Amino acid sequence: ATHATAALHPPLPEAVWIWQLDRERRQCRFTARDSELELTLPMDPMHGTVGVAPANLEVRSALVPDAHGGNMDTPEMRAGVTCYLGVNVEGALFSLGDGHARQGEGETCGVAVETAMHSVVIVELLKGVATPWPRLESDTHIISTGSARPLEDAFRISQLDLIQWLARDYGLSELDAYQVVTQAVESPLANVCDSNYTCVAKLLSLIHIS
């Protein structure tokens, strides 16, 4: 329950878990608060927030993801990935933050293993390349994102953007791309806890498929 999501039961109690990070072994160590459980998960560093200034002179908190990026909280935003963002204002006003040592898909309880982070970023301007929604490219996959509420709208945005990306850059008709995406896409959730939810549409590169 919150002031905006009214319910008869009280909200969950405030609690903090301190994860121990082992940089040499690249591990995250969890110790339960209410039991004897201890477990180790692999470190998988990522940035929750990557974006530029929004369009139409809008002032927006980085917490709210949208077409300009922002706090999308997708575990796909890791080292080695290229992120494409459309430029909306002079200078773009690129921002990067919200370091996570790891995070599950959906960021269910609203936080990841939050940590300080040193990042090296290469920024390149690609003129004349439309990027309606944040797009990511790894060595194996092309990835579209969509951020909105309700959740099905975020899903639709990411799927449509991936279809249009295939049509533009891979020479497919939109209907052929629609069929390929329908049969081959992976659709992990990025976050279901922010002011806008973020869905991901992830497709193995056609080079790898063929």
# chains A, B, ... in the order shown; residues from 1 in each chain; ligands from 1

call {"tool": "residues_around", "arguments": {"residues": "Glu137 of chain A", "least_positions_apart": "6", "cutoff": "10 Å", "atoms": "only C-alpha atoms", "output": "list in words"}}
result
Glu76, Met77, Gly80, Val81, Thr82, Cys83, Tyr84, Ile143, Ser144, Lys202, Leu203 and Ser205 of chain A

call {"tool": "select_by_dssp", "arguments": {"residues": "segment 3-164 of chain A", "states": "helix (DSSP H, G or I)", "output": "list in words"}}
result
Leu151, Glu152, Asp153, Ala154, Phe155, Arg156, Ile157, Ser158, Gln159, Leu160, Asp161, Leu162, Ile163 and Gln164 of chain A

call {"tool": "atom_distance", "arguments": {"atom1": "atom CA of Ala184 of chain A", "atom2": "atom CA of Gly146 of chain A"}}
result
18.0 Å

call {"tool": "residues_around", "arguments": {"residues": "Arg78 of chain A", "least_positions_apart": "5", "cutoff": "10 Å", "atoms": "only C-alpha atoms", "output": "count of residues only"}}
result
10

call {"tool": "select_by_dssp", "arguments": {"residues": "segment 20-65 of chain A", "states": "strand (DSSP E or B)", "output": "ChimeraX atom specification"}}
result
/A:20-22,27-31,38-42,46-51

call {"tool": "atom_distance", "arguments": {"atom1": "atom CA of Ser147 of chain A", "atom2": "atom CA of Gly86 of chain A"}}
result
14.7 Å

call {"tool": "closest_atom_pairs", "arguments": {"of": "segment 96-140 of chain A", "to": "segment 55-67 of chain A", "cutoff": "12 Å", "atoms": "only C-alpha atoms", "output": "tab-separated table"}}
result
residue	atom	partner	partner_atom	distance
A:Leu96	CA	A:Ala62	CA	9.4
A:Gly97	CA	A:Ala62	CA	9.3
A:Asp98	CA	A:Leu63	CA	9.7
A:Gly110	CA	A:Leu63	CA	11.8
A:Thr131	CA	A:Ala67	CA	9.0
A:Pro132	CA	A:Ala67	CA	6.5
A:Trp133	CA	A:Ala67	CA	4.7
A:Pro134	CA	A:Ala67	CA	6.5
A:Arg135	CA	A:Ala67	CA	10.1

call {"tool": "write_last_selection", "arguments": {"atoms": "C-alpha atoms", "output": "CSV table (one decimal), in the first residue's frame"}}
result
chain,number,residue,atom,x,y,z
A,96,LEU,CA,24.6,8.1,-17.0
A,97,GLY,CA,24.2,6.7,-13.5
A,98,ASP,CA,22.5,4.3,-11.1
A,110,GLY,CA,12.4,-1.6,-6.6
A,131,THR,CA,16.2,6.5,-33.0
A,132,PRO,CA,12.7,6.8,-31.8
A,133,TRP,CA,13.3,4.6,-28.6
A,134,PRO,CA,16.5,3.6,-26.9
A,135,ARG,CA,18.2,0.7,-28.8

call {"tool": "closest_residue", "arguments": {"among": "A:Glu105, A:Asp169, A:Glu14, A:Asp176", "to": "Val200 of chain A", "atoms": "only C-alpha atoms"}}
result
A:Glu105

call {"tool": "closest_residue", "arguments": {"among": "A:Asp194, A:Asp34, A:Glu90, A:Glu24", "to": "Ala148 of chain A", "atoms": "only C-alpha atoms"}}
result
A:Asp194

call {"tool": "closest_residue", "arguments": {"among": "A:Thr145, A:Thr74, A:Thr108, A:Gln159", "to": "Thr182 of chain A", "atoms": "only C-alpha atoms"}}
result
A:Gln159

call {"tool": "atom_distance", "arguments": {"atom1": "atom CA of Val87 of chain A", "atom2": "atom CA of Val50 of chain A"}}
result
13.0 Å

call {"tool": "decode", "arguments": {"residues": "segment 14-156 of chain A", "atoms": "C-alpha atoms", "output": "compact mmCIF listing (two decimals), in the first residue's frame"}}
result
# COMPACT_ATOMS: atom_id res chain seq x y z
CA GLU A 14 11.53 -0.50 5.51
CA ALA A 15 14.56 -2.80 5.40
CA VAL A 16 18.08 -2.66 3.99
CA TRP A 17 20.24 -5.60 2.94
CA ILE A 18 23.98 -4.96 2.61
CA TRP A 19 25.50 -7.16 -0.10
CA GLN A 20 29.20 -7.93 0.17
CA LEU A 21 31.00 -7.42 -3.14
CA ASP A 22 34.13 -9.37 -4.04
CA ARG A 23 35.67 -7.56 -7.00
CA GLU A 24 38.44 -10.10 -7.53
CA ARG A 25 36.07 -13.07 -7.70
CA ARG A 26 33.33 -10.88 -9.25
CA GLN A 27 30.78 -12.14 -6.77
CA CYS A 28 27.89 -10.65 -4.76
CA ARG A 29 27.35 -12.21 -1.34
CA PHE A 30 23.88 -12.18 0.24
CA THR A 31 23.13 -12.78 3.94
CA ALA A 32 19.46 -13.10 4.92
CA ARG A 33 18.09 -10.91 7.72
CA ASP A 34 15.51 -13.37 9.07
CA SER A 35 17.16 -16.76 8.52
CA GLU A 36 20.56 -18.44 8.22
CA LEU A 37 20.59 -18.34 4.43
CA GLU A 38 23.74 -17.13 2.68
CA LEU A 39 24.29 -17.32 -1.05
CA THR A 40 26.59 -15.99 -3.73
CA LEU A 41 25.54 -14.63 -7.10
CA PRO A 42 27.83 -13.62 -9.96
CA MET A 43 28.54 -9.93 -10.36
CA ASP A 44 27.00 -8.56 -13.57
CA PRO A 45 27.54 -4.77 -13.48
CA MET A 46 25.09 -2.52 -15.32
CA HIS A 47 23.81 1.04 -15.37
CA GLY A 48 20.16 1.51 -14.50
CA THR A 49 20.01 5.04 -15.90
CA VAL A 50 21.23 5.98 -19.37
CA GLY A 51 19.62 8.77 -21.34
CA VAL A 52 19.55 12.20 -22.91
CA ALA A 53 17.30 15.23 -22.45
CA PRO A 54 13.69 14.63 -23.51
CA ALA A 55 12.06 16.37 -26.47
CA ASN A 56 9.70 19.38 -26.51
CA LEU A 57 11.65 21.34 -23.85
CA GLU A 58 10.29 19.00 -21.19
CA VAL A 59 11.98 18.85 -17.81
CA ARG A 60 11.91 15.25 -16.59
CA SER A 61 13.43 13.49 -13.60
CA ALA A 62 15.91 10.83 -14.68
CA LEU A 63 13.83 8.43 -12.58
CA VAL A 64 11.11 8.35 -15.27
CA PRO A 65 12.15 6.34 -18.35
CA ASP A 66 10.69 7.23 -21.73
CA ALA A 67 11.70 7.63 -25.38
CA HIS A 68 14.81 9.58 -24.33
CA GLY A 69 16.06 6.79 -22.04
CA GLY A 70 16.36 7.45 -18.32
CA ASN A 71 15.95 4.93 -15.52
CA MET A 72 15.12 1.95 -17.72
CA ASP A 73 16.82 -0.50 -15.33
CA THR A 74 17.51 -3.16 -17.95
CA PRO A 75 20.28 -5.67 -17.14
CA GLU A 76 21.12 -5.50 -20.87
CA MET A 77 22.86 -2.12 -20.25
CA ARG A 78 26.19 -3.74 -19.43
CA ALA A 79 29.81 -3.40 -20.52
CA GLY A 80 30.41 -4.00 -24.22
CA VAL A 81 26.93 -2.92 -25.32
CA THR A 82 26.27 -0.03 -27.69
CA CYS A 83 23.28 2.15 -26.75
CA TYR A 84 21.59 4.30 -29.39
CA LEU A 85 19.67 7.37 -28.20
CA GLY A 86 17.90 10.01 -30.28
CA VAL A 87 19.18 13.57 -29.76
CA ASN A 88 16.39 15.99 -28.82
CA VAL A 89 18.25 19.18 -27.81
CA GLU A 90 21.53 20.82 -28.71
CA GLY A 91 24.35 18.96 -26.99
CA ALA A 92 22.08 15.98 -26.20
CA LEU A 93 22.70 16.38 -22.42
CA PHE A 94 23.72 12.75 -22.00
CA SER A 95 23.50 11.32 -18.50
CA LEU A 96 24.65 8.05 -16.95
CA GLY A 97 24.20 6.69 -13.46
CA ASP A 98 22.47 4.27 -11.08
CA GLY A 99 25.26 1.71 -10.88
CA HIS A 100 24.17 -1.85 -10.13
CA ALA A 101 26.50 -4.73 -9.28
CA ARG A 102 23.69 -6.96 -10.52
CA GLN A 103 19.91 -6.91 -10.94
CA GLY A 104 17.24 -9.43 -11.79
CA GLU A 105 14.85 -8.79 -14.66
CA GLY A 106 11.94 -6.63 -13.53
CA GLU A 107 13.76 -5.18 -10.49
CA THR A 108 10.88 -6.65 -8.50
CA CYS A 109 11.34 -4.92 -5.13
CA GLY A 110 12.45 -1.61 -6.64
CA VAL A 111 16.19 -1.80 -6.00
CA ALA A 112 19.15 -3.73 -7.38
CA VAL A 113 22.51 -4.38 -5.72
CA GLU A 114 23.21 -0.65 -5.79
CA THR A 115 26.85 0.41 -5.90
CA ALA A 116 29.28 3.12 -6.91
CA MET A 117 30.81 2.46 -10.30
CA HIS A 118 33.68 3.65 -12.48
CA SER A 119 32.65 3.60 -16.16
CA VAL A 120 34.49 4.34 -19.39
CA VAL A 121 32.11 5.50 -22.12
CA ILE A 122 32.74 6.30 -25.78
CA VAL A 123 30.25 8.79 -27.23
CA GLU A 124 29.79 9.09 -30.99
CA LEU A 125 27.32 11.22 -32.95
CA LEU A 126 25.56 9.44 -35.84
CA LYS A 127 23.88 12.11 -37.95
CA GLY A 128 20.70 11.36 -39.83
CA VAL A 129 19.93 8.12 -37.98
CA ALA A 130 16.46 8.18 -36.42
CA THR A 131 16.24 6.48 -33.03
CA PRO A 132 12.65 6.77 -31.75
CA TRP A 133 13.31 4.62 -28.64
CA PRO A 134 16.53 3.56 -26.91
CA ARG A 135 18.17 0.69 -28.79
CA LEU A 136 21.01 -1.56 -27.67
CA GLU A 137 23.34 -3.74 -29.66
CA SER A 138 25.60 -6.46 -28.27
CA ASP A 139 27.91 -8.92 -29.99
CA THR A 140 24.96 -11.30 -30.42
CA HIS A 141 21.67 -9.39 -30.14
CA ILE A 142 19.80 -6.28 -31.20
CA ILE A 143 17.56 -4.94 -28.44
CA SER A 144 14.71 -2.41 -28.41
CA THR A 145 13.17 -0.88 -25.31
CA GLY A 146 9.78 0.63 -24.57
CA SER A 147 8.75 2.55 -21.46
CA ALA A 148 5.15 3.35 -20.55
CA ARG A 149 2.18 2.46 -18.39
CA PRO A 150 0.26 0.18 -18.55
CA LEU A 151 2.76 -2.63 -19.01
CA GLU A 152 1.23 -3.85 -22.28
CA ASP A 153 1.92 -0.45 -23.85
CA ALA A 154 5.62 -0.74 -22.94
CA PHE A 155 5.58 -4.24 -24.46
CA ARG A 156 3.97 -3.00 -27.69
